[in-house]
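Worksheet for the structure shown next.
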Amino acid sequence: MLVFTRKKDESLIIGTDIEVTILSIGSGNVKVGINAPRNISVHRHEVYEAIKRENLAAAQSQVPKTDIFKNLFKEK
């Protein structure tokens, strides 16, 4: 892990197009601003983990056989 020390209003650059800026420093928290291209997802860690869990669950779900769908839409 690379560790940086930054003060309020100081930034760091990731790659060529992501800028992370320290907006404020309070008691027990830091407010961070991130400028990144729209095609790059930025999430809090706990949200990212929830997305991964949901994607894994969806990938492991069973898809019904096609004959079930045929029976549902069969004309009477």
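Letters for chains follow the order of the structure tokens (A, B, ...), residue numbers begin at 1 for each chain, and ligand numbers begin at 1 in the order shown.
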
### Task
Would you mind listing what lies within 12 Å of stretch 16-26 of chain A as a PyMOL selection string, with only C-alpha atoms counted and same-chain residues fewer than 3 positions away left out?
chain A and resi 4-13+29-42

Please write the residues from the selection above to a file, keeping N, CA and C atoms, as a CSV table (one decimal), in the first residue's frame.
chain,number,residue,atom,x,y,z
A,4,PHE,N,0.2,8.3,1.5
A,4,PHE,CA,0.5,9.8,1.3
A,4,PHE,C,0.1,10.6,2.5
A,5,THR,N,0.8,11.6,2.7
A,5,THR,CA,0.3,12.6,3.7
A,5,THR,C,-0.1,13.9,2.9
A,6,ARG,N,-1.3,14.3,3.2
A,6,ARG,CA,-1.8,15.5,2.5
A,6,ARG,C,-2.5,16.4,3.5
A,7,LYS,N,-2.5,17.7,3.2
A,7,LYS,CA,-3.2,18.7,4.0
A,7,LYS,C,-4.4,19.1,3.3
A,8,LYS,N,-5.3,19.9,4.0
A,8,LYS,CA,-6.5,20.4,3.3
A,8,LYS,C,-6.1,21.2,2.0
A,9,ASP,N,-7.0,20.9,1.0
A,9,ASP,CA,-6.8,21.5,-0.3
A,9,ASP,C,-5.6,21.0,-1.1
A,10,GLU,N,-4.9,20.0,-0.6
A,10,GLU,CA,-3.9,19.3,-1.4
A,10,GLU,C,-4.4,18.1,-2.1
A,11,SER,N,-3.8,17.8,-3.2
A,11,SER,CA,-4.3,16.7,-4.1
A,11,SER,C,-3.2,15.7,-4.4
A,12,LEU,N,-3.7,14.6,-4.9
A,12,LEU,CA,-2.8,13.6,-5.6
A,12,LEU,C,-3.4,13.1,-6.8
A,13,ILE,N,-2.6,12.7,-7.8
A,13,ILE,CA,-3.1,12.3,-9.1
A,13,ILE,C,-2.8,10.8,-9.2
A,29,ASN,N,-12.8,12.3,10.9
A,29,ASN,CA,-13.1,12.0,9.5
A,29,ASN,C,-12.4,13.0,8.6
A,30,VAL,N,-12.3,12.6,7.3
A,30,VAL,CA,-11.7,13.4,6.3
A,30,VAL,C,-12.6,13.4,5.1
A,31,LYS,N,-12.9,14.6,4.6
A,31,LYS,CA,-13.8,14.7,3.4
A,31,LYS,C,-12.9,14.7,2.2
A,32,VAL,N,-13.1,13.8,1.2
A,32,VAL,CA,-12.3,13.7,0.0
A,32,VAL,C,-13.1,13.9,-1.2
A,33,GLY,N,-12.5,14.7,-2.1
A,33,GLY,CA,-13.2,14.9,-3.4
A,33,GLY,C,-12.4,14.1,-4.5
A,34,ILE,N,-13.1,13.5,-5.4
A,34,ILE,CA,-12.5,12.7,-6.5
A,34,ILE,C,-13.0,13.2,-7.8
A,35,ASN,N,-12.1,13.6,-8.7
A,35,ASN,CA,-12.4,13.9,-10.1
A,35,ASN,C,-11.9,12.8,-10.9
A,36,ALA,N,-12.8,12.1,-11.6
A,36,ALA,CA,-12.5,11.0,-12.5
A,36,ALA,C,-13.4,11.0,-13.7
A,37,PRO,N,-12.9,10.4,-14.8
A,37,PRO,CA,-13.8,10.3,-15.9
A,37,PRO,C,-15.1,9.5,-15.6
A,38,ARG,N,-16.1,9.7,-16.3
A,38,ARG,CA,-17.4,9.1,-16.0
A,38,ARG,C,-17.4,7.6,-16.2
A,39,ASN,N,-16.4,7.1,-17.0
A,39,ASN,CA,-16.4,5.6,-17.3
A,39,ASN,C,-15.7,4.9,-16.2
A,40,ILE,N,-15.2,5.6,-15.1
A,40,ILE,CA,-14.5,5.0,-14.0
A,40,ILE,C,-15.5,5.0,-12.8
A,41,SER,N,-15.8,3.8,-12.3
A,41,SER,CA,-16.7,3.7,-11.1
A,41,SER,C,-15.9,4.1,-9.8
A,42,VAL,N,-16.6,4.9,-9.0
A,42,VAL,CA,-16.0,5.3,-7.7
A,42,VAL,C,-17.1,5.0,-6.7

### Message
Please identify the strand (DSSP E or B) residues within chain A (assignment by DSSP from backbone atoms) and present them as a list in words.
### Response
Ser11, Leu12, Ile13, Ile14, Ile18, Glu19, Val20, Thr21, Ile22, Leu23, Ser24, Ile25, Gly26, Asn29, Val30, Lys31, Val32, Gly33, Ile34 and Asn35 of chain A

### Task
Please indicate the distance in Å from atom CA of A:Val47 to atom CA of A:Gly15, rounded to one decimal place.
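Atom CA of A:Gly15 lies at a distance of 23.4 Å from atom CA of A:Val47.
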
### Message
According to DSSP computed on the backbone, where in stretch 2-76 of chain A is there alpha helix (DSSP H)? Give the residues as a PyMOL selection string.
### Response
chain A and resi 45-60+66-72

Just write the chosen residues, N, CA and C atoms, as a PDB file, in the first residue's frame.
ATOM      1  N   HIS A  45     -16.072   1.602  -0.073  1.00  0.00           N
ATOM      2  CA  HIS A  45     -15.696   0.194  -0.024  1.00  0.00           C
ATOM      3  C   HIS A  45     -16.888  -0.706   0.296  1.00  0.00           C
ATOM      4  N   GLU A  46     -17.713  -0.304   1.269  1.00  0.00           N
ATOM      5  CA  GLU A  46     -18.834  -1.166   1.651  1.00  0.00           C
ATOM      6  C   GLU A  46     -19.865  -1.275   0.530  1.00  0.00           C
ATOM      7  N   VAL A  47     -20.036  -0.239  -0.278  1.00  0.00           N
ATOM      8  CA  VAL A  47     -20.949  -0.303  -1.428  1.00  0.00           C
ATOM      9  C   VAL A  47     -20.360  -1.217  -2.502  1.00  0.00           C
ATOM     10  N   TYR A  48     -19.070  -1.096  -2.744  1.00  0.00           N
ATOM     11  CA  TYR A  48     -18.396  -1.953  -3.715  1.00  0.00           C
ATOM     12  C   TYR A  48     -18.537  -3.432  -3.337  1.00  0.00           C
ATOM     13  N   GLU A  49     -18.343  -3.756  -2.053  1.00  0.00           N
ATOM     14  CA  GLU A  49     -18.480  -5.134  -1.596  1.00  0.00           C
ATOM     15  C   GLU A  49     -19.920  -5.644  -1.777  1.00  0.00           C
ATOM     16  N   ALA A  50     -20.904  -4.792  -1.521  1.00  0.00           N
ATOM     17  CA  ALA A  50     -22.313  -5.179  -1.712  1.00  0.00           C
ATOM     18  C   ALA A  50     -22.600  -5.447  -3.187  1.00  0.00           C
ATOM     19  N   ILE A  51     -22.061  -4.636  -4.070  1.00  0.00           N
ATOM     20  CA  ILE A  51     -22.236  -4.839  -5.516  1.00  0.00           C
ATOM     21  C   ILE A  51     -21.616  -6.169  -5.928  1.00  0.00           C
ATOM     22  N   LYS A  52     -20.414  -6.455  -5.428  1.00  0.00           N
ATOM     23  CA  LYS A  52     -19.768  -7.724  -5.747  1.00  0.00           C
ATOM     24  C   LYS A  52     -20.601  -8.906  -5.283  1.00  0.00           C
ATOM     25  N   ARG A  53     -21.157  -8.831  -4.063  1.00  0.00           N
ATOM     26  CA  ARG A  53     -21.994  -9.925  -3.543  1.00  0.00           C
ATOM     27  C   ARG A  53     -23.233 -10.132  -4.420  1.00  0.00           C
ATOM     28  N   GLU A  54     -23.883  -9.033  -4.806  1.00  0.00           N
ATOM     29  CA  GLU A  54     -25.081  -9.135  -5.648  1.00  0.00           C
ATOM     30  C   GLU A  54     -24.747  -9.716  -7.017  1.00  0.00           C
ATOM     31  N   ASN A  55     -23.631  -9.300  -7.594  1.00  0.00           N
ATOM     32  CA  ASN A  55     -23.227  -9.836  -8.900  1.00  0.00           C
ATOM     33  C   ASN A  55     -22.910 -11.319  -8.813  1.00  0.00           C
ATOM     34  N   LEU A  56     -22.254 -11.736  -7.744  1.00  0.00           N
ATOM     35  CA  LEU A  56     -21.945 -13.149  -7.554  1.00  0.00           C
ATOM     36  C   LEU A  56     -23.225 -13.969  -7.396  1.00  0.00           C
ATOM     37  N   ALA A  57     -24.161 -13.454  -6.611  1.00  0.00           N
ATOM     38  CA  ALA A  57     -25.435 -14.153  -6.420  1.00  0.00           C
ATOM     39  C   ALA A  57     -26.198 -14.266  -7.741  1.00  0.00           C
ATOM     40  N   ALA A  58     -26.187 -13.203  -8.526  1.00  0.00           N
ATOM     41  CA  ALA A  58     -26.889 -13.232  -9.816  1.00  0.00           C
ATOM     42  C   ALA A  58     -26.225 -14.225 -10.769  1.00  0.00           C
ATOM     43  N   ALA A  59     -24.907 -14.286 -10.744  1.00  0.00           N
ATOM     44  CA  ALA A  59     -24.185 -15.197 -11.633  1.00  0.00           C
ATOM     45  C   ALA A  59     -24.428 -16.658 -11.257  1.00  0.00           C
ATOM     46  N   GLN A  60     -24.712 -16.919  -9.988  1.00  0.00           N
ATOM     47  CA  GLN A  60     -24.922 -18.293  -9.538  1.00  0.00           C
ATOM     48  C   GLN A  60     -26.382 -18.725  -9.571  1.00  0.00           C
ATOM     49  N   THR A  66     -35.734 -23.411 -21.295  1.00  0.00           N
ATOM     50  CA  THR A  66     -36.524 -22.709 -22.308  1.00  0.00           C
ATOM     51  C   THR A  66     -37.918 -23.288 -22.478  1.00  0.00           C
ATOM     52  N   ASP A  67     -38.103 -24.582 -22.227  1.00  0.00           N
ATOM     53  CA  ASP A  67     -39.434 -25.163 -22.408  1.00  0.00           C
ATOM     54  C   ASP A  67     -40.439 -24.589 -21.417  1.00  0.00           C
ATOM     55  N   ILE A  68     -39.979 -24.122 -20.261  1.00  0.00           N
ATOM     56  CA  ILE A  68     -40.874 -23.475 -19.298  1.00  0.00           C
ATOM     57  C   ILE A  68     -41.427 -22.190 -19.905  1.00  0.00           C
ATOM     58  N   PHE A  69     -40.556 -21.427 -20.568  1.00  0.00           N
ATOM     59  CA  PHE A  69     -40.998 -20.183 -21.207  1.00  0.00           C
ATOM     60  C   PHE A  69     -41.954 -20.472 -22.363  1.00  0.00           C
ATOM     61  N   LYS A  70     -41.675 -21.520 -23.109  1.00  0.00           N
ATOM     62  CA  LYS A  70     -42.555 -21.867 -24.221  1.00  0.00           C
ATOM     63  C   LYS A  70     -43.961 -22.172 -23.724  1.00  0.00           C
ATOM     64  N   ASN A  71     -44.081 -22.869 -22.612  1.00  0.00           N
ATOM     65  CA  ASN A  71     -45.370 -23.204 -22.044  1.00  0.00           C
ATOM     66  C   ASN A  71     -46.097 -21.969 -21.528  1.00  0.00           C
ATOM     67  N   LEU A  72     -45.359 -21.014 -21.013  1.00  0.00           N
ATOM     68  CA  LEU A  72     -45.971 -19.787 -20.524  1.00  0.00           C
ATOM     69  C   LEU A  72     -46.612 -18.980 -21.626  1.00  0.00           C
TER      70      LEU A  72
END
